[in-house]
Each structure stands twice: as C-alpha cells, then as structure tokens.
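So this one's input-v2.cif, mmCIF, C-alpha atoms:
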data_work
#
loop_
_atom_site.label_atom_id
_atom_site.label_comp_id
_atom_site.auth_asym_id
_atom_site.auth_seq_id
_atom_site.Cartn_x
_atom_site.Cartn_y
_atom_site.Cartn_z
CA MET A 1 16.33 9.86 -23.20
CA THR A 2 14.76 8.73 -19.95
CA ASP A 3 14.13 11.51 -17.45
CA VAL A 4 15.42 9.51 -14.49
CA VAL A 5 14.61 12.21 -11.93
CA ALA A 6 10.96 12.31 -13.00
CA LEU A 7 10.87 8.51 -13.06
CA LEU A 8 12.23 8.35 -9.51
CA LEU A 9 9.69 10.80 -8.13
CA ARG A 10 6.79 9.11 -9.90
CA ARG A 11 7.72 5.65 -8.61
CA ALA A 12 9.04 6.46 -5.12
CA GLY A 13 6.02 8.57 -4.18
CA PHE A 14 2.51 9.19 -5.41
CA GLY A 15 3.50 11.70 -8.06
CA PRO A 16 5.53 14.93 -7.85
CA THR A 17 4.16 18.41 -8.21
CA ALA A 18 5.64 20.60 -10.94
CA ILE A 19 7.57 22.61 -8.35
CA GLU A 20 8.96 19.47 -6.71
CA LEU A 21 10.06 18.06 -10.05
CA SER A 22 11.73 21.30 -11.10
CA ALA A 23 13.66 21.49 -7.81
CA ALA A 24 14.69 17.84 -8.06
CA LYS A 25 16.02 18.28 -11.59
CA GLN A 26 18.09 21.20 -10.43
CA ALA A 27 19.46 19.20 -7.48
CA GLY A 28 20.33 16.18 -9.65
CA TYR A 29 19.64 12.48 -9.29
CA PRO A 30 22.00 11.47 -6.44
CA ALA A 31 20.91 14.33 -4.19
CA THR A 32 17.24 13.75 -4.99
CA LEU A 33 17.55 10.03 -4.29
CA SER A 34 19.06 10.69 -0.87
CA ALA A 35 16.49 13.36 -0.01
CA VAL A 36 13.58 11.14 -1.05
CA LEU A 37 14.65 7.97 0.76
CA SER A 38 16.33 9.59 3.79
CA PRO A 39 14.29 12.74 4.40
CA ALA A 40 15.66 15.08 7.03
CA GLY A 41 13.56 16.31 9.91
CA PRO A 42 9.88 15.76 10.63
CA ASP A 43 7.30 15.46 7.87
CA VAL A 44 6.03 19.03 7.79
CA GLY A 45 3.15 18.32 5.44
CA ALA A 46 1.90 15.39 7.48
CA THR A 47 1.72 17.42 10.68
CA SER A 48 -1.56 18.85 9.40
CA ALA A 49 -2.99 15.31 9.14
CA PRO A 50 -2.28 13.64 12.51
CA MET A 51 -3.42 10.07 13.05
CA PRO A 52 -6.99 9.92 14.34
CA VAL A 53 -7.57 8.88 17.94
CA LEU A 54 -10.38 6.36 18.15
CA ALA A 55 -12.38 5.40 21.20
CA ARG A 56 -12.38 1.76 22.22
CA ASP A 57 -14.15 -0.63 19.85
CA PRO A 58 -17.84 -0.68 20.85
CA TYR A 59 -17.87 -4.47 21.04
CA ALA A 60 -14.96 -4.56 23.50
CA GLY A 61 -16.16 -6.04 26.76
CA GLN A 62 -19.62 -6.77 25.36
CA ARG A 63 -20.55 -10.43 25.71
CA ASP A 64 -24.17 -10.44 24.57
CA PRO A 65 -25.12 -7.13 22.94
CA THR A 66 -28.79 -6.62 22.21
CA PRO A 67 -29.99 -6.28 18.60
CA GLU A 68 -30.36 -2.54 19.16
CA GLN A 69 -26.81 -2.33 20.50
CA LYS A 70 -25.49 -4.27 17.50
CA VAL A 71 -27.09 -1.78 15.13
CA SER A 72 -25.56 1.10 17.07
CA PHE A 73 -22.15 -0.57 17.28
CA GLU A 74 -22.03 -1.36 13.58
CA ARG A 75 -23.04 2.18 12.69
CA ARG A 76 -20.21 3.53 14.85
CA ARG A 77 -17.76 1.15 13.22
CA ASP A 78 -18.90 2.35 9.79
CA ILE A 79 -18.40 5.98 10.81
CA GLU A 80 -14.92 5.28 12.17
CA THR A 81 -14.01 3.28 9.05
CA GLU A 82 -14.93 6.28 6.94
CA GLN A 83 -12.89 8.46 9.30
CA ILE A 84 -9.66 6.49 9.01
CA THR A 85 -10.07 6.09 5.24
CA ARG A 86 -10.54 9.82 4.75
CA TRP A 87 -7.57 10.47 7.03
CA TRP A 88 -5.16 8.18 5.16
CA VAL A 89 -6.09 9.55 1.74
CA ASP A 90 -5.55 13.06 3.09
CA ARG A 91 -2.26 12.05 4.73
CA MET A 92 -0.92 10.55 1.50
CA THR A 93 -1.77 13.76 -0.32
CA VAL A 94 -0.23 16.27 2.06
CA ALA A 95 2.79 14.27 3.27
CA SER A 96 6.14 15.80 2.45
CA HIS A 97 7.94 12.47 2.90
CA GLN A 98 6.27 10.84 -0.07
CA ALA A 99 8.50 7.75 -0.19
CA VAL A 100 7.62 6.96 3.41
CA GLU A 101 3.89 7.13 2.70
CA LYS A 102 4.26 5.08 -0.47
CA LEU A 103 6.18 2.37 1.39
CA ILE A 104 3.49 2.20 4.07
CA PHE A 105 0.90 1.69 1.35
CA PHE A 106 3.11 -1.01 -0.16
CA TRP A 107 3.17 -2.89 3.15
CA HIS A 108 -0.60 -2.55 3.43
CA GLY A 109 -0.91 -4.35 0.10
CA HIS A 110 1.77 -6.87 1.02
CA TRP A 111 0.25 -7.92 4.37
CA ALA A 112 -3.18 -7.41 2.81
CA THR A 113 -5.88 -7.14 5.49
CA SER A 114 -9.37 -5.80 4.82
CA ILE A 115 -11.57 -3.79 7.14
CA LYS A 116 -14.55 -5.41 5.42
CA LYS A 117 -13.85 -8.63 7.30
CA VAL A 118 -11.95 -7.32 10.31
CA ARG A 119 -14.64 -4.66 10.91
CA SER A 120 -12.69 -3.03 13.74
CA PRO A 121 -11.06 0.28 12.72
CA GLN A 122 -9.12 0.15 15.97
CA LEU A 123 -7.37 -3.09 15.03
CA MET A 124 -6.69 -1.81 11.51
CA MET A 125 -5.03 1.30 12.93
CA VAL A 126 -2.86 -0.79 15.25
CA GLN A 127 -1.65 -2.66 12.18
CA HIS A 128 -1.14 0.62 10.33
CA ARG A 129 1.05 1.92 13.15
CA THR A 130 3.14 -1.24 12.87
CA PHE A 131 3.83 -0.44 9.22
CA ARG A 132 4.60 3.15 10.07
CA GLN A 133 6.95 2.34 12.96
CA SER A 134 8.84 -0.62 11.45
CA THR A 135 12.05 0.44 9.75
CA ASP A 136 13.16 -3.12 8.93
CA PHE A 137 11.42 -6.26 7.73
CA VAL A 138 12.63 -8.42 10.62
CA THR A 139 10.90 -6.26 13.22
CA MET A 140 7.80 -6.01 11.07
CA ALA A 141 7.49 -9.77 10.50
CA ARG A 142 7.85 -10.50 14.21
CA GLN A 143 5.02 -8.10 14.98
CA MET A 144 2.78 -9.08 12.10
CA VAL A 145 2.70 -12.78 12.95
CA VAL A 146 0.70 -11.87 16.05
CA ASP A 147 -1.03 -8.80 14.61
CA ALA A 148 -4.65 -8.84 15.81
CA ALA A 149 -6.17 -7.58 12.54
CA LEU A 150 -4.21 -10.05 10.40
CA SER A 151 -5.04 -12.89 12.77
CA LEU A 152 -8.75 -12.07 12.64
CA TYR A 153 -8.63 -11.70 8.84
CA LEU A 154 -6.95 -15.09 8.38
CA ASP A 155 -8.97 -16.94 11.04
CA GLY A 156 -6.14 -17.18 13.54
CA ASN A 157 -8.70 -17.07 16.33
CA ARG A 158 -9.91 -20.48 15.12
CA ASN A 159 -6.47 -22.02 15.30
CA THR A 160 -6.37 -24.42 18.27
CA ARG A 161 -4.32 -27.46 19.20
CA ARG A 162 -7.41 -29.65 18.68
CA ALA A 163 -8.28 -28.13 15.30
CA PRO A 164 -5.32 -26.31 13.72
CA ASN A 165 -6.21 -23.67 11.12
CA GLU A 166 -3.60 -23.26 8.38
CA ASN A 167 -4.70 -19.97 6.77
CA LEU A 168 -2.14 -17.66 8.40
CA ALA A 169 0.64 -20.25 8.14
CA ARG A 170 0.03 -20.73 4.42
CA GLU A 171 0.09 -17.03 3.65
CA LEU A 172 3.24 -16.52 5.72
CA PHE A 173 4.98 -18.96 3.41
CA GLU A 174 3.38 -18.05 0.09
CA LEU A 175 2.49 -14.35 0.15
CA PHE A 176 4.30 -12.69 3.03
CA MET A 177 7.79 -14.16 3.42
CA LEU A 178 9.00 -16.91 1.06
CA GLY A 179 6.95 -17.17 -2.13
CA ILE A 180 5.42 -20.03 -4.09
CA GLY A 181 7.47 -23.21 -4.35
CA GLN A 182 9.59 -22.63 -1.26
CA TYR A 183 7.70 -24.97 1.09
CA THR A 184 5.66 -28.16 1.26
CA GLU A 185 2.13 -28.87 2.48
CA LYS A 186 3.63 -30.59 5.51
CA ASP A 187 5.52 -27.39 6.32
CA VAL A 188 2.23 -25.48 6.25
CA LYS A 189 0.48 -27.96 8.52
CA GLU A 190 3.32 -27.95 11.03
CA ALA A 191 3.51 -24.14 10.95
CA GLY A 192 -0.22 -24.01 11.65
CA ARG A 193 0.46 -25.94 14.85
CA ALA A 194 3.19 -23.48 15.80
CA LEU A 195 0.74 -20.60 15.52
CA THR A 196 -1.94 -22.08 17.77
CA GLY A 197 -3.08 -20.29 20.89
CA TRP A 198 -3.26 -16.67 19.71
CA ARG A 199 -6.53 -14.72 20.02
CA TYR A 200 -7.31 -11.12 19.14
CA SER A 201 -8.59 -8.85 21.90
CA LEU A 202 -10.79 -5.87 21.04
CA ALA A 203 -10.44 -4.56 24.58
CA GLN A 204 -6.62 -4.61 24.53
CA GLU A 205 -6.32 -3.98 20.76
CA ARG A 206 -3.75 -6.73 20.37
CA SER A 207 -3.38 -10.48 20.25
CA ILE A 208 -3.31 -12.46 23.49
CA PHE A 209 -1.54 -15.80 23.90
CA ASN A 210 -3.48 -18.62 25.55
CA PRO A 211 -1.04 -21.45 26.36
CA VAL A 212 -3.91 -23.88 26.89
CA GLU A 213 -4.81 -23.61 23.20
CA HIS A 214 -1.19 -23.85 21.98
CA ASP A 215 0.32 -27.06 20.64
CA PRO A 216 3.69 -27.32 22.42
CA GLY A 217 4.79 -30.47 20.66
CA SER A 218 7.76 -30.94 18.37
CA LYS A 219 7.29 -29.77 14.76
CA THR A 220 9.46 -30.25 11.70
CA ILE A 221 9.36 -27.21 9.40
CA LEU A 222 11.62 -26.63 6.39
CA GLY A 223 13.91 -29.39 7.64
CA SER A 224 14.27 -28.02 11.17
CA THR A 225 12.77 -29.78 14.18
CA LEU A 226 11.87 -27.76 17.27
CA ASP A 227 8.99 -27.00 19.63
CA PHE A 228 8.16 -24.12 17.31
CA SER A 229 6.15 -21.12 18.48
CA ALA A 230 5.02 -18.08 16.50
CA ALA A 231 8.27 -16.26 17.33
CA THR A 232 10.63 -19.11 16.45
CA LEU A 233 8.65 -19.86 13.29
CA ILE A 234 9.21 -16.29 12.09
CA ASP A 235 12.92 -16.51 12.92
CA LEU A 236 13.11 -19.71 10.85
CA LEU A 237 11.43 -18.06 7.86
CA LEU A 238 13.64 -14.98 8.14
CA ALA A 239 16.71 -17.25 8.03
CA GLN A 240 15.70 -18.78 4.68
CA GLU A 241 17.63 -17.58 1.62
CA SER A 242 14.33 -17.26 -0.21
CA CYS A 243 13.02 -14.63 2.22
CA PRO A 244 15.12 -11.60 1.20
CA ARG A 245 14.90 -12.71 -2.43
CA PHE A 246 11.12 -12.76 -2.21
CA ILE A 247 10.91 -9.31 -0.59
CA ALA A 248 13.23 -7.94 -3.26
CA SER A 249 10.96 -9.37 -5.96
CA ARG A 250 7.86 -7.85 -4.37
CA LEU A 251 9.47 -4.42 -4.15
CA TRP A 252 10.50 -4.71 -7.79
CA PHE A 253 6.97 -5.79 -8.79
CA ARG A 254 5.39 -2.68 -7.24
CA TYR A 255 8.15 -0.13 -7.83
CA GLY A 256 10.07 -1.42 -10.85
CA SER A 257 8.05 -3.51 -13.26
CA SER A 258 5.04 -5.79 -13.05
CA THR A 259 5.89 -7.31 -16.44
CA ARG A 260 9.65 -7.85 -16.66
CA PRO A 261 11.48 -10.05 -14.12
CA LEU A 262 13.87 -8.66 -11.54
CA PRO A 263 17.39 -9.07 -12.99
CA ASP A 264 19.54 -11.50 -11.01
CA ALA A 265 22.36 -9.00 -10.49
CA LEU A 266 20.02 -6.35 -9.11
CA ARG A 267 18.24 -8.92 -6.94
CA ASP A 268 21.53 -9.93 -5.34
CA LYS A 269 22.38 -6.32 -4.56
CA MET A 270 18.94 -5.75 -3.04
CA VAL A 271 19.28 -8.92 -0.96
CA ALA A 272 22.55 -7.57 0.43
CA ALA A 273 20.60 -4.52 1.69
CA PHE A 274 17.94 -6.65 3.41
CA PRO A 275 16.20 -6.24 5.88
CA ILE A 276 16.03 -2.43 5.49
CA PRO A 277 13.35 -1.68 2.84
CA MET A 278 14.55 1.87 2.17
CA ALA A 279 18.08 0.57 1.60
CA MET A 280 16.73 -2.06 -0.79
CA LEU A 281 14.81 0.62 -2.67
CA LYS A 282 17.90 2.81 -2.87
CA VAL A 283 19.78 -0.04 -4.52
CA MET A 284 16.92 -0.54 -6.97
CA PHE A 285 16.49 3.13 -7.83
CA SER A 286 20.25 3.46 -8.43
CA ASP A 287 20.37 0.66 -10.97
CA ASP A 288 20.20 0.99 -14.76
CA ALA A 289 17.67 -1.86 -14.82
CA PHE A 290 15.22 0.37 -12.96
CA HIS A 291 15.90 3.33 -15.23
CA ALA A 292 15.09 1.12 -18.22
CA THR A 293 11.53 0.60 -16.97
CA ASN A 294 10.39 4.15 -17.72
CA GLY A 295 6.89 4.16 -19.19
CA GLU A 296 6.18 0.53 -18.27
CA MET A 297 4.33 0.78 -14.95
CA VAL A 298 0.58 1.31 -15.01
CA LYS A 299 -0.36 3.50 -12.06
CA GLN A 300 -2.52 1.89 -9.41
CA PRO A 301 -5.76 3.87 -8.90
CA ILE A 302 -4.56 5.27 -5.57
CA GLU A 303 -1.29 6.42 -7.16
CA TRP A 304 -3.19 8.04 -10.02
CA PHE A 305 -5.73 9.67 -7.70
CA ILE A 306 -3.32 10.99 -5.06
CA GLY A 307 -0.88 12.17 -7.72
CA ALA A 308 -3.61 14.16 -9.46
CA LEU A 309 -4.75 15.78 -6.22
CA ARG A 310 -1.19 16.75 -5.32
CA GLN A 311 -0.43 18.24 -8.74
CA LEU A 312 -3.67 20.22 -8.80
CA GLY A 313 -3.29 21.52 -5.26
CA LEU A 314 -6.42 19.78 -4.01
CA ARG A 315 -6.50 18.56 -0.44
CA PRO A 316 -9.16 15.94 0.37
CA ALA A 317 -9.79 17.29 3.89
CA ALA A 318 -10.47 20.75 2.46
CA LEU A 319 -13.20 19.50 0.13
CA PRO A 320 -16.87 19.53 1.13
CA THR A 321 -17.71 16.27 2.90
CA GLU A 322 -20.21 15.30 0.22
CA THR A 323 -17.63 15.84 -2.54
CA HIS A 324 -14.94 13.99 -0.60
CA ASP A 325 -17.22 11.01 -0.01
CA GLU A 326 -18.25 10.97 -3.66
CA LEU A 327 -14.63 10.89 -4.80
CA LEU A 328 -13.81 8.02 -2.45
CA LYS A 329 -16.88 6.09 -3.61
CA ILE A 330 -15.74 6.39 -7.21
CA LEU A 331 -12.20 5.39 -6.16
CA GLU A 332 -13.72 2.31 -4.55
CA ASP A 333 -15.60 1.60 -7.79
CA LEU A 334 -12.25 1.83 -9.54
CA GLY A 335 -11.09 -1.02 -7.32
CA GLN A 336 -8.66 0.39 -4.76
CA LEU A 337 -9.78 1.89 -1.49
CA PRO A 338 -7.28 2.06 1.40
CA PHE A 339 -7.94 -0.41 4.22
CA ALA A 340 -9.97 -2.62 1.88
CA PRO A 341 -7.82 -4.81 -0.41
CA PRO A 342 -9.90 -7.38 -2.33
CA ASN A 343 -8.20 -10.44 -0.83
CA VAL A 344 -5.07 -11.61 0.98
CA GLY A 345 -3.15 -11.40 -2.30
CA GLY A 346 -3.54 -7.63 -2.35
CA TRP A 347 -4.37 -5.45 -5.31
CA ARG A 348 -3.87 -6.16 -8.98
CA ALA A 349 -1.08 -4.61 -11.03
CA GLY A 350 -0.23 -3.63 -14.56
CA GLY A 351 -2.69 -3.98 -17.40
CA ALA A 352 -5.35 -5.36 -15.07
CA TRP A 353 -6.21 -1.72 -14.29
CA LEU A 354 -6.78 -0.86 -17.96
CA THR A 355 -10.14 -2.52 -18.62
CA SER A 356 -12.89 -0.73 -20.53
CA ALA A 357 -15.04 -0.68 -17.37
CA ALA A 358 -12.20 0.90 -15.39
CA ALA A 359 -11.72 3.47 -18.13
CA GLN A 360 -15.31 4.67 -17.73
CA VAL A 361 -15.00 4.92 -13.95
CA ARG A 362 -11.65 6.70 -14.24
CA LEU A 363 -13.11 9.20 -16.69
CA ARG A 364 -15.92 9.96 -14.25
CA LEU A 365 -13.47 10.44 -11.38
CA ALA A 366 -11.18 12.61 -13.53
CA GLY A 367 -14.17 14.80 -14.37
CA LYS A 368 -15.03 15.23 -10.70
CA ILE A 369 -11.42 16.16 -9.91
CA ALA A 370 -11.36 18.66 -12.79
CA GLU A 371 -14.52 20.31 -11.48
CA ARG A 372 -12.67 21.21 -8.28
CA ALA A 373 -9.38 22.28 -9.85
CA ALA A 374 -8.49 25.94 -10.32
CA VAL A 375 -7.77 25.82 -14.06
CA ASP A 376 -9.12 28.86 -15.87
CA GLN A 377 -6.53 28.73 -18.62
CA LEU A 378 -4.71 25.68 -19.94
CA THR A 379 -2.87 24.55 -23.04
CA PRO A 380 -1.58 21.06 -23.81
CA GLU A 381 1.91 22.36 -23.03
CA SER A 382 1.02 23.91 -19.67
CA LEU A 383 -0.98 20.81 -18.78
CA ALA A 384 2.06 18.61 -19.41
CA TYR A 385 4.04 20.81 -17.02
CA LEU A 386 1.28 20.76 -14.40
CA LEU A 387 0.89 16.96 -14.50
CA CYS A 388 4.65 16.33 -14.81
CA VAL A 389 4.22 14.46 -18.09
CA ASP A 390 7.44 14.20 -20.09
CA ALA A 391 5.71 14.70 -23.45
CA TRP A 392 2.42 14.00 -25.21
CA SER A 393 2.30 11.60 -28.12
CA ASN A 394 1.14 13.11 -31.42
CA ARG A 395 -2.22 11.36 -31.06
CA THR A 396 -2.82 12.59 -27.51
CA TYR A 397 -1.65 16.09 -28.39
CA ALA A 398 -4.15 16.31 -31.21
CA VAL A 399 -7.00 15.31 -28.86
CA LEU A 400 -5.89 17.79 -26.21
CA ARG A 401 -5.48 20.61 -28.71
CA ASP A 402 -9.08 20.14 -29.87
CA ALA A 403 -10.24 20.50 -26.25
CA ALA A 404 -8.10 23.54 -25.46
CA SER A 405 -11.08 25.91 -25.43
CA ASP A 406 -12.51 24.10 -22.39
CA PRO A 407 -9.87 23.95 -19.61
CA ARG A 408 -11.74 21.42 -17.48
CA ARG A 409 -12.37 19.10 -20.38
CA LEU A 410 -8.72 19.46 -21.35
CA LEU A 411 -7.66 18.56 -17.80
CA THR A 412 -10.04 15.59 -17.67
CA LEU A 413 -8.63 14.21 -20.92
CA GLY A 414 -5.08 14.74 -19.70
CA LEU A 415 -5.77 12.82 -16.49
CA VAL A 416 -7.00 9.78 -18.43
CA SER A 417 -4.37 9.93 -21.15
CA PRO A 418 -1.95 7.02 -21.67
CA GLU A 419 0.97 9.32 -20.87
CA TYR A 420 -0.49 10.07 -17.44
CA LEU A 421 -1.73 6.59 -16.62
CA VAL A 422 1.65 4.98 -17.22
CA ALA A 423 4.68 5.99 -15.17
#
So, in terms of structure tokens, how does the structure I just supplied come out?
Amino acid sequence: MTDVVALLLRRAGFGPTAIELSAAKQAGYPATLSAVLSPAGPDVGATSAPMPVLARDPYAGQRDPTPEQKVSFERRRDIETEQITRWWVDRMTVASHQAVEKLIFFWHGHWATSIKKVRSPQLMMVQHRTFRQSTDFVTMARQMVVDAALSLYLDGNRNTRRAPNENLARELFELFMLGIGQYTEKDVKEAGRALTGWRYSLAQERSIFNPVEHDPGSKTILGSTLDFSAATLIDLLLAQESCPRFIASRLWFRYGSSTRPLPDALRDKMVAAFPIPMAMLKVMFSDDAFHATNGEMVKQPIEWFIGALRQLGLRPAALPTETHDELLKILEDLGQLPFAPPNVGGWRAGGAWLTSAAAQVRLRLAGKIAERAAVDQLTPESLAYLLCVDAWSNRTYAVLRDAASDPRRLLTLGLVSPEYLVA
C-alpha cells in the first residue's frame, strides 16, 4: 500500500527527516497537506539563512574599465556567485517551509536563467526575489517579461525596432507560458516587436524601457490586433486557454510524473485553481492519480543532495569551507547547480539522471556526505528509518547487510540505492 504521507513529503519538499515523517503520519494526510502548503507563521529554520546583501555590480557605471579592472571585477563576480550559491543550498536545507523552497526552485527551472551567461549575481538575486515574492502566476509573468536577468540571458538587450530579436518572445510562447504547438512563427515575430525597447541596467538592477527603441506599430498576435507592448502581450498570453493547462502540465512533470501524462480530469481541476501555484499543487496532491505515482519519480540531484543533508542533520553553512566547496563542485559535476541551469529549457528529468557516469559521481558525493555524518552504528533497518525509505528490496537489503560492519559504507550504499534515488 502506498504511504501517501511519505510520498507527499518527498515530492512537496526536498525530503523529510525521520522526525518530520513520524509527526506527519500521526497528524494524517489532510492535516499534513494543509500544513505543508499553507504553513503558519514565519519560516523559523530559514531565519538562520537570511538572503545575502550584495554591493552594487562592479561594472555598474563603468563605461570603459581597464584590463586590470576587468580582472578585478570578474573575480568579485565569481566570489559573489559562490556566495549566493552557497546561501541557497543552505537555505533549502534549513528551511522549515519546505514546499515554499521547492516551489521557488521549480520556478528557477521553469524560467531557466543561468549565471554563467548573465554573470551578475545582483541581477540573479533580483530574479530570485521575484520568485520568492510572487504568490500567483499572473503577477510573476508580468514581472518576468521585463526581468533584467532573463532579458540579458535571452538577448533582450539586442531587441530593437530596427532589428527585432525573437529569443525571449519564442520562449514565452514555448517554454514559459503556452507550450509547443500553441502559436505560429508569425506570432513569435510579432511578439518580438512587442518586446522591443527594454534594456537591463546593472546600476538600477532592473530593466529600463527606452521608447525610442520600441516598435509602437500594430501587431497581430494569436488572432488579436493591437499596438502590443510587453505588458499587453503578457495579458494576451495569460488569457489563452492553453496557459493554465501548460502550467498544470509543468507542475505535474516536476511533482507528479515525468513519464506518465497528466490525466485530463486532474488537469481540469488544476486549471480551475490557476493562477495560484500552491492551490494547483493542493489539487494535485489530493488526487488519486498523484498517489498512484509512488516510486516513479527519479530525484533530481539537488533533491537527492538536500534531502540527504536534511536527514543526516548536516548543514552546509556549518561545514568547513573547503568541504562545502568540494560538495558543490561534485554536485555541479552531477549536473545540477543552483543558479546555473544548462539551457533555457531547464534541467533534465527522470531516467536522464540515471546514467553510468552520473552513478559514479553520485557515489563519490554520497561518500563525501557519509564522511561528515554522525553514524557510529547503523543497520539496514535503522538506515531505512533515517533516510525515510519505505522498505528495501531483497536485493538491496542483502547488499546493505553485507556492509553493516562499516556504518559509513552502509550509509553510502543506502544513499545511492534505487529505493533512495526514486521517490
């Protein structure tokens, strides 16, 4: 029988601790669902990991930096990139409101923007605050269309009335709001015109509108003709029936199943809860179709990593800097470092994480985690409790039993077991 409480906590957050799971089982599913998605009061855990305050981007206000200044500026950017990455990993680990942190990470992958191209940690943190402050998709979409980091990432600064750039327009249709097949190439071209005139400002840490560079002419998009601007374009996309359907499908893909399609009946119920993401998730988590996906979702590396740290009582910020940096470097080798998605499509899902190369990297990272864990005595049974695993298969149990004399080896093997990798 599916342990629906454990399933909920594994999918809604980054992985429950044994104490959290025990308390949730005692409270029951309805009460746990409400507590997870509508947490009361401030996030006590997250208060120990406040958002970093960064100085102004070193390039702000600099027209012609010298080669020496460029070296210094880039070094500072690298240091601040490491700072915000360490902070977010720590925040995800210590946060009490796990569903909130998981949803923020979902939006980061949805509106995928990489620091490796943007380069400015300041702009990335402005975008991050947008995710953190937006409680509905409508508000978020209206802010993201002129988000400075996203604009820089998708070449919005090159989008002028004389030479329209379609990158941001295309991704708004295909990846962010409507999905493949819901638009034409002409729609993309016309939307590109609507988005002209916006430029990112490092000094102001936002996008600035230059009316001289904007194309004010009439545009026909998705059958509607208007002197579209960025704001009215977003309103048009939000009004499409395909928009809430697409967002529902993306939530299902990351929280429900990356292999089985979203059932029509559940999709319709999620659409009715649009544009509030937490309300859409509540509908999903309450449905039998979600409960039937137990054991089908391969954990993303960040889910696996944060979950392990939480269950073992390891806080990234409390680790020696060298150890912390080493763990993040291995996590990057595994293919998923916060603030650095591989492309605008975001991170992979499902079996794509289960390659032989990934298995070797994961084993190395699991070993490093086990080195830091306080595990003097372990058995396969106590390990299952610690890692919130429902049960070991006979094959996994036999392997773990043979390693029982070495607690850290036993823990390492448990962390890379099929039962732990799949939620």
Å distance separating atom CA of Leu8 of chain A from atom CA of Val361 of chain A, one decimal place: 27.8 Å
Contacts of segment 326-341 of chain A within 7 Å, only C-alpha atoms, excl. fewer than 3 positions in-chain, as a short mmCIF file (atom, residue, chain, number, x, y, z; two decimals) with C-alpha atoms, in the frame of the given file:
data_model
loop_
_atom_site.label_atom_id
_atom_site.label_comp_id
_atom_site.auth_asym_id
_atom_site.auth_seq_id
_atom_site.Cartn_x
_atom_site.Cartn_y
_atom_site.Cartn_z
CA THR A 85 -10.07 6.09 5.24
CA GLY A 109 -0.91 -4.35 0.10
CA ALA A 112 -3.18 -7.41 2.81
CA THR A 113 -5.88 -7.14 5.49
CA SER A 114 -9.37 -5.80 4.82
CA ILE A 115 -11.57 -3.79 7.14
CA LYS A 116 -14.55 -5.41 5.42
CA PRO A 301 -5.76 3.87 -8.90
CA ILE A 302 -4.56 5.27 -5.57
CA GLU A 322 -20.21 15.30 0.22
CA THR A 323 -17.63 15.84 -2.54
CA GLY A 346 -3.54 -7.63 -2.35
CA TRP A 347 -4.37 -5.45 -5.31
CA ALA A 358 -12.20 0.90 -15.39
CA VAL A 361 -15.00 4.92 -13.95
CA ARG A 362 -11.65 6.70 -14.24
CA LEU A 365 -13.47 10.44 -11.38
#
Closest pair table for segment 214-324 of chain A residues within 9 Å of segment 406-419 of chain A, all atoms listed in the file, as JSON lines:
{"residue": "A:Gly295", "atom": "CA", "partner": "A:Glu419", "partner_atom": "CA", "distance": 8.0}
{"residue": "A:Trp304", "atom": "CA", "partner": "A:Leu415", "partner_atom": "CA", "distance": 8.4}
{"residue": "A:Ala308", "atom": "CA", "partner": "A:Leu415", "partner_atom": "CA", "distance": 7.5}
Residues in the PyMOL selection byres ((chain A and resi 127-140) around 7), expressed as a PyMOL selection string: chain A and resi 104+107+123-126+141-144+147+149+275-277
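For the choices A:Ser38, A:Thr232, A:Gln360, A:Thr184, the atom-to-atom distance to Val100 of chain A is smallest for A:Ser38 when using all atoms listed in the file.
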Residues matched by the PyMOL selection byres ((chain A and resi 207) around 8) as a PyMOL selection string: chain A and resi 146-148+198-201+204-206+208-209
Near-Leu7 of chain A list (9 Å; only C-alpha atoms; drop same-chain fewer than 5 positions) as an NGL selection string: :A and (2 or 12 or 291 or 293-295 or 423)
